[in-house]
Amino acid sequence: MTSPETRPGTRPEARRGGLLELRDVAVTYRSAAGDVPAVRGVSLELAEGEALGVAGESGSGKSTLALALLRLLPKTARVTGEIMLDGEDVLAMTWGRLRAVRWASASVVFQGAQHALNPVRRVGTQIAEPLLVHRMATPARARTRVTELLEQVGLPAWRARSYPHELSGGQRQRVMIAMALACEPQLIIADEPTTALDVMIQAQVLTLIRSLIAGRGISLIMISHDLSVLAATCDRLAVMYAGRLVETGPSREVFTGARHPYSRALAEAFPTVGDFASRMAPRGLGGDPPDPMRLPGGCSFHPRCPVALPSCAWRDVELWPADRAPEEPASPASSAPSHTAACVHVLPDPEAGPEPETTGEDETPAGRPAKESA
Ligand SMILES: Nc1ncnc2c1ncn2[C@@H]1O[C@H](COP(=O)(O)OP(=O)(O)OP(=O)(O)O)[C@@H](O)[C@H]1O
């Protein structure tokens, strides 16, 4: 089994220069109870051939962010900001263009393949479908391609004639991966691709994903609540809490040297890949993630944070370079530093900064007036 120490690291073919660029992306769901701000101000870049892991507890906004990338969200979702895929503005694409981009340029592997596959169609037909829909192969060529793809994901060619219910969970997930690879996309988005699988099969599928993207220049966004799985599979990690990014950086640095107390708790909850016995709520953290409709003021994490300062109740911090020495001139994370964290503890002076005016009323337990986060 692979540990984060033996993960492949940044592959040589990965280069910066943005296959995918997100600028200040926000997603709000309209609901009967009011607006739900599920993703707030996310900016990210993904290079060609790079694998990015997005981690966070349930409800942190991971799936919403992933689905927003290809406009796969329900109609009740409003997406703002900028999503550039290979230089094209996804939010401005016509539906025709979007259909062409889905599968052909970017494809999605969902969790729970038994629900994603059509139960009454043979898997070979389903793998061939994106090739035929996008007119990327003749029926004869598509059949050959299905055989190739099944072999690549470790299934015998005769499995093309099987129905999904005739396959195990791991085999179905392999079929989903074959479908995602069919049109040779530039980007694969994998949402909890191994969550439903047992330990051994999970390790096999992760190894498969890694080997298939490595060397082909395919970029990967993998979503999981398990930081160790992501650290073993991806070059970089992005940790989400309450809809925002709280830490980004090279996998090894974030996994073994997290600078945000939330990422640290996630890393401690999942110490090694496949250690299912330890799967639980992040160790040392009481409480639950906040309801997005009732976010606490200041840093959203401060009510659960073991190292919160009084100022965290009213002060929110943008992603800030985590690897900058305190004596270096500091500026917000504008020059794409490799490791960033949104925590006062990475600031040169955690207690610096203007305090808001206090009225003497509405004091928080920490003794500061609460202020809504941006
Ligand atoms: N269709 C919807 N309408 C209203 N709120 C929604 C909708 N879908 C998701 N949400 C809310 O948005 C927030 C983010 O949900 P999301 O599913 O993106 O989180 P997640 O990190 O992927 O969680 P999980 O790991 O459980 O899938 C949650 O508070 C969730 O309740």
# chains A, B, ... in the order shown; residues from 1 in each chain; ligands from 1
$ residues_around --residues "A:Met176" --least-positions-apart "3" --cutoff "7 Å" --atoms "only C-alpha atoms" --output "list in words"
Val109, Ala113, Arg172, Gln173, Met179 and Ala180 of chain A
$ residues_near_ligand --ligand "ligand 1" --cutoff "10 Å" --atoms "only C-alpha atoms and all ligand atoms" --output "VMD selection string"
chain A and resid 27 to 39 54 to 68 73 to 77 111 191 to 192 223 to 226 240 to 243 289 to 293
$ atom_distance --atom1 "atom CA of A:Arg161" --atom2 "atom CA of A:Glu184"
22.5 Å
$ residues_around --residues "A:Leu206" --least-positions-apart "5" --cutoff "12 Å" --atoms "only C-alpha atoms" --output "PyMOL selection string"
chain A and resi 1-3+7+153+170+173-174+177+190+192-195+197-201+211-213+222+228-234+273-274
$ closest_residue --among "A:Leu19, A:Phe270, A:Asp24, A:Gly169" --to "A:Gln202" --atoms "only C-alpha atoms"
A:Gly169
$ residues_around --residues "A:Arg97" --least-positions-apart "5" --cutoff "12 Å" --atoms "only C-alpha atoms" --output "PDB file with C-alpha atoms, in the first residue's frame"
ATOM      1  CA  LEU A  70     -18.402  21.689 -15.502  1.00  0.00           C
ATOM      2  CA  ARG A  71     -21.669  23.463 -14.623  1.00  0.00           C
ATOM      3  CA  GLU A  88     -12.120  29.187 -22.136  1.00  0.00           C
ATOM      4  CA  ASP A  89     -14.584  30.751 -19.726  1.00  0.00           C
ATOM      5  CA  VAL A  90     -16.750  27.837 -18.543  1.00  0.00           C
ATOM      6  CA  LEU A  91     -19.429  30.096 -17.069  1.00  0.00           C
ATOM      7  CA  ALA A  92     -19.850  31.851 -20.437  1.00  0.00           C
ATOM      8  CA  ARG A 102     -17.845  17.451 -20.946  1.00  0.00           C
ATOM      9  CA  TRP A 103     -16.202  14.060 -21.425  1.00  0.00           C
ATOM     10  CA  ALA A 104     -14.102  15.247 -24.370  1.00  0.00           C
ATOM     11  CA  SER A 105     -11.986  17.804 -22.461  1.00  0.00           C
ATOM     12  CA  HIS A 134     -18.788  13.241 -29.509  1.00  0.00           C
TER      13      HIS A 134
END
$ residues_around --residues "A:Arg145" --least-positions-apart "2" --cutoff "12 Å" --atoms "only C-alpha atoms" --output "ChimeraX atom specification"
/A:124-125,127-132,136-143,147-152,157,160,178-179,181-184
$ write_last_selection --atoms "N, CA and C atoms" --output "mmCIF file, in the first residue's frame"
data_model
loop_
_atom_site.group_PDB
_atom_site.id
_atom_site.type_symbol
_atom_site.label_atom_id
_atom_site.label_comp_id
_atom_site.auth_asym_id
_atom_site.auth_seq_id
_atom_site.Cartn_x
_atom_site.Cartn_y
_atom_site.Cartn_z
ATOM 1 N N GLY A 124 -19.761 -2.203 -21.952
ATOM 2 C CA GLY A 124 -19.038 -1.827 -23.179
ATOM 3 C C GLY A 124 -19.773 -0.726 -23.932
ATOM 4 N N THR A 125 -21.093 -0.850 -23.975
ATOM 5 C CA THR A 125 -21.911 0.168 -24.656
ATOM 6 C C THR A 125 -21.751 1.511 -23.950
ATOM 7 N N ILE A 127 -19.209 2.525 -22.092
ATOM 8 C CA ILE A 127 -17.860 3.099 -22.267
ATOM 9 C C ILE A 127 -17.740 3.733 -23.654
ATOM 10 N N ALA A 128 -18.396 3.087 -24.646
ATOM 11 C CA ALA A 128 -18.290 3.597 -26.031
ATOM 12 C C ALA A 128 -19.109 4.869 -26.242
ATOM 13 N N GLU A 129 -20.103 5.065 -25.370
ATOM 14 C CA GLU A 129 -21.058 6.145 -25.618
ATOM 15 C C GLU A 129 -20.414 7.531 -25.789
ATOM 16 N N PRO A 130 -19.534 7.955 -24.879
ATOM 17 C CA PRO A 130 -18.971 9.292 -25.080
ATOM 18 C C PRO A 130 -18.210 9.426 -26.404
ATOM 19 N N LEU A 131 -17.565 8.340 -26.837
ATOM 20 C CA LEU A 131 -16.832 8.380 -28.115
ATOM 21 C C LEU A 131 -17.785 8.584 -29.285
ATOM 22 N N LEU A 132 -18.940 7.913 -29.211
ATOM 23 C CA LEU A 132 -19.906 8.003 -30.307
ATOM 24 C C LEU A 132 -20.660 9.330 -30.257
ATOM 25 N N MET A 136 -16.130 10.899 -31.968
ATOM 26 C CA MET A 136 -14.676 10.765 -31.936
ATOM 27 C C MET A 136 -14.236 9.408 -32.466
ATOM 28 N N ALA A 137 -15.186 8.533 -32.783
ATOM 29 C CA ALA A 137 -14.833 7.216 -33.326
ATOM 30 C C ALA A 137 -16.025 6.645 -34.077
ATOM 31 N N THR A 138 -15.721 5.828 -35.074
ATOM 32 C CA THR A 138 -16.777 5.070 -35.755
ATOM 33 C C THR A 138 -17.191 3.936 -34.804
ATOM 34 N N PRO A 139 -18.356 3.301 -35.009
ATOM 35 C CA PRO A 139 -18.754 2.194 -34.131
ATOM 36 C C PRO A 139 -17.683 1.093 -34.068
ATOM 37 N N ALA A 140 -17.065 0.793 -35.201
ATOM 38 C CA ALA A 140 -16.040 -0.269 -35.197
ATOM 39 C C ALA A 140 -14.824 0.153 -34.364
ATOM 40 N N ARG A 141 -14.387 1.374 -34.570
ATOM 41 C CA ARG A 141 -13.225 1.879 -33.820
ATOM 42 C C ARG A 141 -13.550 1.972 -32.323
ATOM 43 N N ALA A 142 -14.811 2.356 -32.024
ATOM 44 C CA ALA A 142 -15.221 2.479 -30.620
ATOM 45 C C ALA A 142 -15.135 1.106 -29.934
ATOM 46 N N ARG A 143 -15.509 0.036 -30.664
ATOM 47 C CA ARG A 143 -15.437 -1.309 -30.070
ATOM 48 C C ARG A 143 -13.994 -1.670 -29.724
ATOM 49 N N THR A 147 -12.155 -2.257 -25.850
ATOM 50 C CA THR A 147 -11.258 -3.347 -25.454
ATOM 51 C C THR A 147 -9.969 -2.787 -24.862
ATOM 52 N N GLU A 148 -9.392 -1.788 -25.550
ATOM 53 C CA GLU A 148 -8.150 -1.174 -25.047
ATOM 54 C C GLU A 148 -8.360 -0.580 -23.656
ATOM 55 N N LEU A 149 -9.470 0.141 -23.510
ATOM 56 C CA LEU A 149 -9.724 0.834 -22.239
ATOM 57 C C LEU A 149 -9.938 -0.163 -21.103
ATOM 58 N N LEU A 150 -10.686 -1.258 -21.398
ATOM 59 C CA LEU A 150 -10.909 -2.268 -20.357
ATOM 60 C C LEU A 150 -9.558 -2.863 -19.922
ATOM 61 N N GLU A 151 -8.692 -3.114 -20.895
ATOM 62 C CA GLU A 151 -7.371 -3.659 -20.555
ATOM 63 C C GLU A 151 -6.588 -2.675 -19.696
ATOM 64 N N GLN A 152 -6.679 -1.390 -20.062
ATOM 65 C CA GLN A 152 -5.935 -0.373 -19.307
ATOM 66 C C GLN A 152 -6.376 -0.306 -17.845
ATOM 67 N N ALA A 157 -11.390 -8.149 -21.795
ATOM 68 C CA ALA A 157 -12.222 -7.573 -22.865
ATOM 69 C C ALA A 157 -13.655 -8.106 -22.822
ATOM 70 N N ALA A 160 -16.894 -6.357 -21.482
ATOM 71 C CA ALA A 160 -17.691 -5.362 -22.214
ATOM 72 C C ALA A 160 -19.152 -5.796 -22.312
ATOM 73 N N ALA A 178 -12.606 3.905 -16.971
ATOM 74 C CA ALA A 178 -12.466 3.674 -18.422
ATOM 75 C C ALA A 178 -13.319 4.667 -19.199
ATOM 76 N N MET A 179 -14.551 4.905 -18.723
ATOM 77 C CA MET A 179 -15.429 5.883 -19.386
ATOM 78 C C MET A 179 -14.803 7.275 -19.344
ATOM 79 N N LEU A 181 -11.745 8.013 -19.241
ATOM 80 C CA LEU A 181 -10.545 8.103 -20.095
ATOM 81 C C LEU A 181 -10.873 8.034 -21.586
ATOM 82 N N ALA A 182 -12.099 7.596 -21.899
ATOM 83 C CA ALA A 182 -12.433 7.225 -23.277
ATOM 84 C C ALA A 182 -12.045 8.291 -24.302
ATOM 85 N N CYS A 183 -12.387 9.529 -24.019
ATOM 86 C CA CYS A 183 -12.131 10.599 -25.006
ATOM 87 C C CYS A 183 -10.779 11.280 -24.789
ATOM 88 N N GLU A 184 -9.940 10.672 -23.972
ATOM 89 C CA GLU A 184 -8.617 11.241 -23.667
ATOM 90 C C GLU A 184 -8.731 12.695 -23.231
#
$ residues_around --residues "stretch 338-342 of chain A" --least-positions-apart "4" --cutoff "9 Å" --atoms "only C-alpha atoms" --output "number ranges by chain"
A: 245-250, 253-254, 258-260, 299, 316-323, 333, 346
$ atom_distance --atom1 "atom CA of A:Arg122" --atom2 "atom CA of A:Ala100"
23.7 Å
